[in-house]
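Structure data follow from input_4.cif (mmCIF, C-alpha atoms):
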```cif
data_structure
loop_
_atom_site.label_atom_id
_atom_site.label_comp_id
_atom_site.auth_asym_id
_atom_site.auth_seq_id
_atom_site.Cartn_x
_atom_site.Cartn_y
_atom_site.Cartn_z
CA MET A 20 -4.07 -0.27 -15.70
CA LEU A 21 -3.57 3.12 -14.09
CA VAL A 22 -5.68 6.23 -14.61
CA ASN A 23 -4.25 9.34 -12.96
CA HIS A 24 -5.47 12.93 -13.07
CA ALA A 25 -4.42 16.00 -11.10
CA ASP A 26 -5.76 19.52 -11.42
CA ALA A 27 -4.49 22.25 -9.12
CA GLY A 28 -7.06 24.75 -10.31
CA ALA A 29 -6.74 28.51 -10.10
CA ASP A 30 -6.00 30.52 -6.96
CA GLY A 31 -9.09 31.55 -5.06
CA ILE A 32 -11.94 30.13 -3.02
CA GLY A 33 -13.95 27.13 -4.22
CA TRP A 34 -13.85 23.36 -4.50
CA ARG A 35 -11.44 21.93 -7.05
CA ALA A 36 -10.20 18.47 -7.86
CA GLU A 37 -6.62 17.89 -6.73
CA HIS A 38 -6.14 14.21 -7.50
CA LEU A 39 -8.14 11.43 -9.18
CA GLN A 40 -6.68 7.96 -9.57
CA LEU A 41 -7.86 4.50 -10.53
CA ALA A 42 -5.38 1.61 -10.42
CA VAL A 43 -6.23 -1.99 -11.36
CA ASN A 44 -3.45 -4.60 -11.18
CA GLU A 45 -3.48 -8.33 -11.86
CA ASN A 46 -0.34 -10.27 -11.00
CA LEU A 47 0.80 -13.76 -10.23
CA ALA A 48 0.87 -13.89 -6.42
CA ARG A 49 4.36 -14.25 -4.99
CA PHE A 50 5.53 -17.77 -4.14
CA GLY A 51 5.90 -16.83 -0.49
CA ALA A 52 2.56 -15.03 -0.44
CA ASP A 53 2.26 -13.95 3.17
CA GLN A 54 0.17 -16.35 5.22
CA GLY A 55 -1.10 -19.47 3.53
CA PRO A 56 0.17 -22.67 1.92
CA ALA A 57 3.01 -22.83 -0.58
CA LEU A 58 1.08 -23.43 -3.80
CA THR A 59 2.46 -25.00 -6.96
CA THR A 60 -0.71 -24.13 -8.89
CA LYS A 61 -1.53 -20.78 -10.49
CA ASN A 62 -2.72 -18.09 -8.06
CA MET A 63 -3.61 -14.69 -9.52
CA GLU A 64 -3.85 -11.62 -7.30
CA ARG A 65 -6.10 -8.77 -8.42
CA SER A 66 -5.97 -5.40 -6.63
CA GLN A 67 -8.11 -2.33 -7.23
CA GLU A 68 -7.75 1.15 -5.80
CA PHE A 69 -9.74 4.31 -6.45
CA LEU A 70 -8.65 7.64 -4.91
CA ALA A 71 -10.30 11.05 -5.20
CA ARG A 72 -9.13 14.21 -3.41
CA GLY A 73 -10.40 17.78 -3.56
CA ARG A 74 -9.74 21.11 -1.84
CA TYR A 75 -11.74 24.16 -0.89
CA GLY A 76 -10.21 27.50 0.08
CA LEU A 77 -7.17 29.65 -0.52
CA VAL A 78 -4.39 27.69 -2.18
CA SER A 79 -1.67 29.93 -0.77
CA LEU A 80 -2.65 29.86 2.93
CA LEU A 81 -5.54 27.81 4.33
CA SER A 82 -7.74 25.19 2.72
CA ILE A 83 -10.09 22.32 3.53
CA GLU A 84 -9.25 18.95 1.96
CA GLY A 85 -11.51 15.95 1.56
CA SER A 86 -10.81 12.52 0.08
CA LEU A 87 -12.53 9.23 -0.75
CA ALA A 88 -10.88 5.86 -1.30
CA HIS A 89 -11.94 2.34 -2.26
CA ARG A 90 -9.67 -0.71 -2.14
CA GLN A 91 -10.26 -4.35 -2.99
CA LEU A 92 -8.07 -7.46 -3.13
CA ASP A 93 -9.03 -10.85 -4.64
CA TYR A 94 -7.30 -14.17 -5.36
CA SER A 95 -8.04 -16.93 -7.86
CA ALA A 96 -6.88 -19.74 -5.52
CA VAL A 97 -9.46 -20.73 -2.90
CA GLU A 98 -6.62 -21.40 -0.43
CA PHE A 99 -6.04 -17.64 -0.26
CA ALA A 100 -9.66 -16.53 0.02
CA PHE A 101 -9.10 -15.62 3.68
CA GLN A 102 -6.83 -12.75 2.55
CA GLU A 103 -9.44 -11.16 0.28
CA PHE A 104 -10.92 -7.90 1.50
CA LYS A 105 -12.57 -4.65 0.48
CA GLN A 106 -12.73 -1.32 2.26
CA ASP A 107 -13.95 2.26 1.82
CA ALA A 108 -12.48 5.32 3.51
CA ALA A 109 -13.33 9.01 3.78
CA SER A 110 -11.19 11.83 5.17
CA LEU A 111 -11.78 15.51 5.92
CA GLY A 112 -9.19 17.96 7.22
CA VAL A 113 -7.48 21.33 7.10
CA LEU A 114 -4.25 22.29 5.34
CA TYR A 115 -2.11 25.27 6.36
CA ARG A 116 0.64 26.51 4.06
CA PRO A 117 2.76 29.15 5.84
CA SER A 118 5.25 29.22 2.95
CA GLY A 119 5.95 27.64 -0.39
CA LEU A 120 8.34 25.23 1.34
CA LEU A 121 6.01 23.84 4.02
CA THR A 122 2.45 22.49 4.15
CA LEU A 123 0.93 21.26 7.43
CA GLY A 124 -2.30 19.31 7.79
CA ALA A 125 -4.70 17.74 10.28
CA ALA A 126 -7.54 15.41 9.31
CA ALA A 127 -10.03 12.87 10.59
CA ARG A 128 -10.31 9.61 8.61
CA HIS A 129 -12.92 6.83 8.86
CA THR A 130 -12.63 3.40 7.21
CA LYS A 131 -15.13 0.53 6.93
CA GLY A 132 -14.18 -2.82 5.48
CA ARG A 133 -14.68 -6.58 5.40
CA TYR A 134 -12.69 -9.80 5.06
CA PRO A 135 -15.54 -11.99 3.68
CA PHE A 136 -13.71 -15.33 4.20
CA ALA A 137 -11.71 -14.50 7.33
CA VAL A 138 -12.42 -17.59 9.46
CA VAL A 139 -12.90 -21.17 8.24
CA VAL A 140 -15.80 -22.52 10.29
CA SER A 141 -15.91 -25.86 8.45
CA PRO A 142 -14.85 -27.03 4.97
CA GLY A 143 -16.44 -24.59 2.53
CA VAL A 144 -18.09 -22.52 5.30
CA PHE A 145 -16.61 -19.15 6.28
CA GLN A 146 -17.24 -16.37 8.76
CA SER A 147 -16.65 -12.79 7.64
CA ASP A 148 -14.66 -10.24 9.63
CA ASP A 149 -16.09 -6.71 9.45
CA PHE A 150 -13.89 -3.93 10.72
CA SER A 151 -13.96 -0.19 11.28
CA ARG A 152 -11.03 2.14 11.71
CA ASN A 153 -10.71 5.76 12.84
CA ASP A 154 -7.57 7.87 12.40
CA ILE A 155 -6.48 11.34 13.40
CA ASP A 156 -3.83 12.27 10.84
CA LEU A 157 -1.14 14.92 11.24
CA THR A 158 0.71 15.52 7.97
CA ALA A 159 3.55 17.63 6.65
CA VAL A 160 5.13 18.25 3.25
CA TRP A 161 8.52 19.98 3.38
CA VAL A 162 10.55 21.06 0.36
CA PRO A 163 13.98 21.95 1.81
CA THR A 164 15.53 22.40 -1.65
CA GLY A 165 14.46 22.13 -5.25
CA LEU A 166 15.98 18.64 -5.27
CA SER A 167 14.25 17.15 -2.19
CA THR A 168 10.72 16.66 -0.90
CA VAL A 169 9.89 15.11 2.48
CA THR A 170 6.33 13.87 3.11
CA ALA A 171 5.31 12.65 6.58
CA ARG A 172 2.19 11.36 8.36
CA LEU A 173 1.72 10.61 12.05
CA SER A 174 -1.63 9.12 13.04
CA TYR A 175 -3.48 7.97 16.12
CA THR A 176 -5.24 4.81 14.94
CA LYS A 177 -8.03 2.79 16.50
CA ALA A 178 -9.25 -0.23 14.54
CA ALA A 179 -11.80 -2.83 15.72
CA HIS A 180 -12.57 -6.20 14.07
CA ASP A 181 -15.78 -8.18 14.69
CA ALA A 182 -14.44 -11.72 14.25
CA VAL A 183 -10.64 -11.44 14.46
CA ALA A 184 -10.14 -9.17 17.47
CA SER A 185 -6.43 -9.98 17.53
CA ARG A 186 -6.09 -7.69 14.49
CA ASP A 187 -7.34 -4.68 16.49
CA ILE A 188 -5.05 -1.65 16.60
CA SER A 189 -4.90 1.15 19.13
CA GLY A 190 -1.90 3.44 18.94
CA ALA A 191 0.41 5.32 16.62
CA THR A 192 0.89 4.56 12.94
CA GLY A 193 2.57 6.62 10.26
CA ALA A 194 4.90 7.00 7.32
CA ILE A 195 7.72 9.23 6.13
CA ARG A 196 9.03 9.51 2.58
CA TRP A 197 12.00 11.33 1.05
CA ASP A 198 12.10 11.99 -2.69
CA TYR A 199 15.49 13.18 -3.96
CA LYS A 200 16.32 14.05 -7.57
CA PRO A 201 19.97 15.18 -7.82
CA THR A 202 19.95 15.36 -11.64
CA GLY A 203 17.47 15.24 -14.48
CA LYS A 204 18.27 11.55 -15.04
CA LEU A 205 18.53 10.28 -11.45
CA ALA A 206 15.77 9.95 -8.85
CA PHE A 207 15.75 8.26 -5.44
CA THR A 208 12.92 7.48 -3.02
CA THR A 209 13.31 6.26 0.57
CA GLU A 210 10.27 5.39 2.66
CA LEU A 211 9.49 4.09 6.15
CA ILE A 212 5.96 2.85 6.94
CA ARG A 213 4.46 1.51 10.18
CA ASP A 214 0.83 0.54 9.68
CA SER A 215 -1.57 -2.36 9.19
CA GLY A 216 -0.60 -4.81 6.48
CA ALA A 217 -3.32 -3.68 4.08
CA GLU A 218 -2.44 0.02 4.42
CA SER A 219 1.30 -0.63 4.10
CA SER A 220 1.02 -2.74 0.97
CA PHE A 221 -1.53 -0.62 -0.89
CA ASN A 222 0.60 2.44 -0.18
CA GLN A 223 3.13 0.94 -2.60
CA ILE A 224 0.75 0.05 -5.41
CA VAL A 225 1.95 2.92 -7.62
CA GLN A 226 5.21 4.07 -6.01
CA SER A 227 7.13 0.80 -6.38
CA SER A 228 7.43 -2.05 -8.83
CA THR A 229 6.49 -4.62 -6.20
CA ASN A 230 3.97 -6.85 -7.95
CA SER A 231 2.18 -8.90 -5.32
CA ILE A 232 0.84 -6.74 -2.51
CA GLY A 233 -1.28 -9.04 -0.33
CA ASN A 234 -0.54 -8.52 3.38
CA ASN A 235 -3.16 -9.15 6.07
CA SER A 236 -0.83 -8.75 9.06
CA GLN A 237 -1.92 -6.81 12.11
CA LEU A 238 1.03 -4.42 11.81
CA SER A 239 3.94 -4.13 9.39
CA THR A 240 7.12 -2.09 9.48
CA SER A 241 8.47 -1.52 5.98
CA VAL A 242 11.62 0.19 4.75
CA LEU A 243 11.83 0.78 1.01
CA PHE A 244 14.44 2.24 -1.30
CA ARG A 245 14.04 2.94 -5.00
CA GLY A 246 16.55 4.29 -7.48
CA LEU A 247 15.66 5.27 -11.04
CA TYR A 248 18.04 6.15 -13.87
CA GLU A 249 16.73 7.48 -17.19
CA ALA A 250 19.15 6.01 -19.71
CA THR A 251 17.19 7.54 -22.59
CA ALA A 252 13.88 9.32 -23.04
CA LYS A 253 12.14 5.93 -23.27
CA ILE A 254 14.36 3.53 -21.27
CA GLN A 255 14.73 3.53 -17.47
CA ILE A 256 16.83 1.34 -15.18
CA GLU A 257 15.36 0.75 -11.73
CA ILE A 258 16.61 -0.79 -8.49
CA ASN A 259 14.31 -1.60 -5.56
CA ALA A 260 15.22 -2.80 -2.08
CA ARG A 261 12.66 -3.64 0.59
CA TYR A 262 12.72 -4.92 4.18
CA VAL A 263 9.48 -5.84 5.98
CA GLU A 264 8.80 -7.02 9.53
CA ARG A 265 5.25 -8.25 10.15
CA ASP A 266 3.20 -9.04 13.26
CA LEU A 267 0.97 -11.95 12.23
CA VAL A 268 -2.30 -13.23 13.67
CA ASN A 269 -4.77 -15.83 12.47
CA THR A 270 -8.08 -16.96 13.97
CA PHE A 271 -9.59 -20.36 13.20
CA ALA A 272 -12.55 -22.37 14.47
CA LEU A 273 -12.24 -25.28 16.90
CA THR A 274 -14.39 -28.44 16.97
CA THR A 275 -15.90 -27.18 20.25
CA GLY A 276 -17.37 -24.18 18.43
CA ALA A 277 -14.92 -21.76 20.04
CA ALA A 278 -12.15 -19.92 18.22
CA SER A 279 -8.39 -20.03 18.70
CA THR A 280 -5.80 -17.46 17.68
CA GLU A 281 -2.22 -18.02 16.61
CA ALA A 282 0.36 -15.24 16.61
CA GLY A 283 3.86 -14.89 15.22
CA SER A 284 6.11 -12.73 13.09
CA ASP A 285 8.31 -12.88 10.03
CA LYS A 286 10.97 -10.80 8.25
CA LEU A 287 11.34 -10.37 4.49
CA GLY A 288 14.20 -8.91 2.47
CA GLU A 289 13.88 -8.23 -1.25
CA LEU A 290 16.15 -6.81 -3.96
CA LYS A 291 15.14 -6.14 -7.58
CA LEU A 292 16.89 -4.81 -10.67
CA GLY A 293 14.77 -3.99 -13.68
CA VAL A 294 14.49 -2.20 -17.01
CA ARG A 295 11.42 -0.26 -18.14
CA TYR A 296 10.53 0.83 -21.66
CA ALA A 297 7.91 3.49 -22.43
CA PRO A 298 7.26 3.63 -26.20
CA THR A 299 4.47 6.18 -25.62
CA ARG A 300 3.16 8.23 -22.71
CA SER A 301 0.37 5.69 -22.18
CA LEU A 302 2.30 2.42 -22.42
CA LEU A 303 4.95 1.05 -20.07
CA PHE A 304 6.69 -2.33 -20.30
CA GLY A 305 9.17 -3.70 -17.80
CA CYS A 306 11.18 -6.77 -16.79
CA ALA A 307 13.08 -7.40 -13.57
CA LEU A 308 15.30 -9.94 -11.81
CA GLY A 309 15.08 -10.26 -8.05
CA TYR A 310 16.14 -12.07 -4.89
CA GLU A 311 13.96 -12.70 -1.83
CA LYS A 312 14.63 -14.17 1.59
CA ARG A 313 12.19 -14.60 4.47
CA GLY A 314 12.50 -15.96 7.98
CA SER A 315 9.52 -16.87 10.17
CA SER A 316 8.95 -17.48 13.88
CA SER A 317 5.67 -19.42 13.58
CA ALA A 318 3.56 -21.70 11.40
CA LEU A 319 1.57 -18.70 10.14
CA SER A 320 4.18 -18.18 7.43
CA TYR A 321 7.28 -20.04 6.30
CA GLY A 322 10.88 -19.18 5.59
CA TYR A 323 12.20 -19.37 2.05
CA THR A 324 14.86 -18.08 -0.35
CA SER A 325 14.13 -17.52 -4.02
CA ASN A 326 15.35 -15.94 -7.23
CA THR A 327 12.64 -14.26 -9.27
CA ALA A 328 12.05 -13.01 -12.79
CA SER A 329 9.05 -10.98 -13.88
CA CYS A 330 7.69 -8.89 -16.74
CA SER A 331 4.78 -6.47 -16.74
CA ALA A 332 2.79 -4.15 -18.94
CA GLN A 333 0.96 -0.99 -17.87
CA PHE A 334 -1.60 1.15 -19.67
CA LYS A 335 -1.93 4.64 -18.24
CA LEU A 336 -4.33 7.51 -18.91
CA GLN A 337 -3.48 10.95 -17.55
#
```

In structure tokens, what does this structure look like?
Amino acid sequence: MLVNHADAGADGIGWRAEHLQLAVNENLARFGADQGPALTTKNMERSQEFLARGRYGLVSLLSIEGSLAHRQLDYSAVEFAFQEFKQDAASLGVLYRPSGLLTLGAAARHTKGRYPFAVVVSPGVFQSDDFSRNDIDLTAVWVPTGLSTVTARLSYTKAAHDAVASRDISGATGAIRWDYKPTGKLAFTTELIRDSGAESSFNQIVQSSTNSIGNNSQLSTSVLFRGLYEATAKIQIEINARYVERDLVNTFALTTGAASTEAGSDKLGELKLGVRYAPTRSLLFGCALGYEKRGSSSALSYGYTSNTASCSAQFKLQ
């Protein structure tokens, strides 16, 4: 289910809501679900995301922007409990719009979260991993033509974990996205993301048709391409291609009471072709065929090749 609301408000000074979004998704977790065993039993993945953003100030020149976000990820299979997490984030910054074609921004962002079952201490006993993250975000939105929009973010990120210190981050993260619509029936999106696994995967919860999103890697580099063709007013044909490189870490308890950390990496390629049908503005149905291939350098994940088929239904309020 997706609830999406945007209200630009009138020109002038004062707080106004810019964006309000609630997304709740429940999917069958992918066969090669990140780190963890290859299950033959049912494993449902449930993701939730709430976003709220507002602005204060002159729309045409300078404004202050604040946002709040909540994210949560859960699994039905106990073998994947270590990937479950929840986090809350708040951001406050300034936007400068020198022209109708360019918007520049700078903001400070703070995130607090927890992996409640991060480390297996003994069978059935877990240690949580609390983390905090601070970002300085520099953003830009450039509209070079009426057909293209480029959105970019460059951040200095510092993240610290209580129990799994190998997931700490200190350095640059960011994303850049190009939306191109050459005709009224064709639309293309290309995106490059370099960020923690959770940030990278949740960033795609609405923009792509990727179903399973779980990704607890320290860092991920993702390249995504999406093409959309509106065959009719209600039928769309969609193609998605994705390539992901992940830096993996995992901490586990030893019989001595100490902890040990494994590290590794893997690479995933994915291609999907699907059809979507929207009988009304609120309902969306879709089916897709896909191909996936992953290679791994460690025991933290495993290589596989698979053909996939999926169908979904979405209820949307806006």

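The coordinates place CA of Val263 (chain A) at 26.0 Å from CA of Trp161 (chain A).
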
*asked:* Which residues would end up in the selection if the PyMOL selection byres ((chain A and resi 293) around 7) were applied here, given that I need the answer as a list in words?
replied: Ile256, Glu257, Ile258, Lys291, Leu292, Val294, Arg295, Gly305, Cys306, Ala307 and Leu308 of chain A

re CA of Val97 (chain A) and CA of Arg261 (chain A): distance 28.2 Å

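Straight-line separation from CA of His180 (chain A) to CA of His129 (chain A): 14.0 Å.
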
Run the PyMOL selection byres ((chain A and resi 285) around 12) against the file shown and list the residues it catches, as a PyMOL selection string. chain A and resi 51+53-54+234+236+238-240+262-268+282-284+286-288+312-323

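Note on the selection: in this file the PyMOL selection byres ((chain A and resi 171-173) around 8) comes out as Asp156, Leu157, Thr158, Ala159, Val160, Val169, Thr170, Ser174, Tyr175, Ala191, Thr192, Gly193, Ala194, Ile195 and Arg196 of chain A.
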
Using all atoms listed in the file, the shortest atom-to-atom distance to Ala252 (chain A) among A:Ala297, A:Leu114, A:Ala206, A:Ala178 belongs to A:Ala297

Show which residues sit within 8 Å of Ser167 (chain A), as a ChimeraX atom specification. Count all atoms listed in the file, and ignore same-chain residues fewer than 2 positions away.
/A:162-165,169,197-200

Local residues around (12.3, 8.0, -7.0), at most 6 Å away, using only C-alpha atoms, as a PyMOL selection string: chain A and resi 198+206-208+245-247

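Using all atoms listed in the file, the shortest contact distance between Ser220 (chain A) and any of A:Ala100, A:Leu290, A:Leu92, A:Leu81 is found at A:Leu92.
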
**Asked** Any idea what's packed within 8 Å of Ser219 (chain A), counting only C-alpha atoms, ignoring anything in its chain fewer than 5 positions away? Could you give it as a PyMOL selection string?
**Response** chain A and resi 212-214+239+241
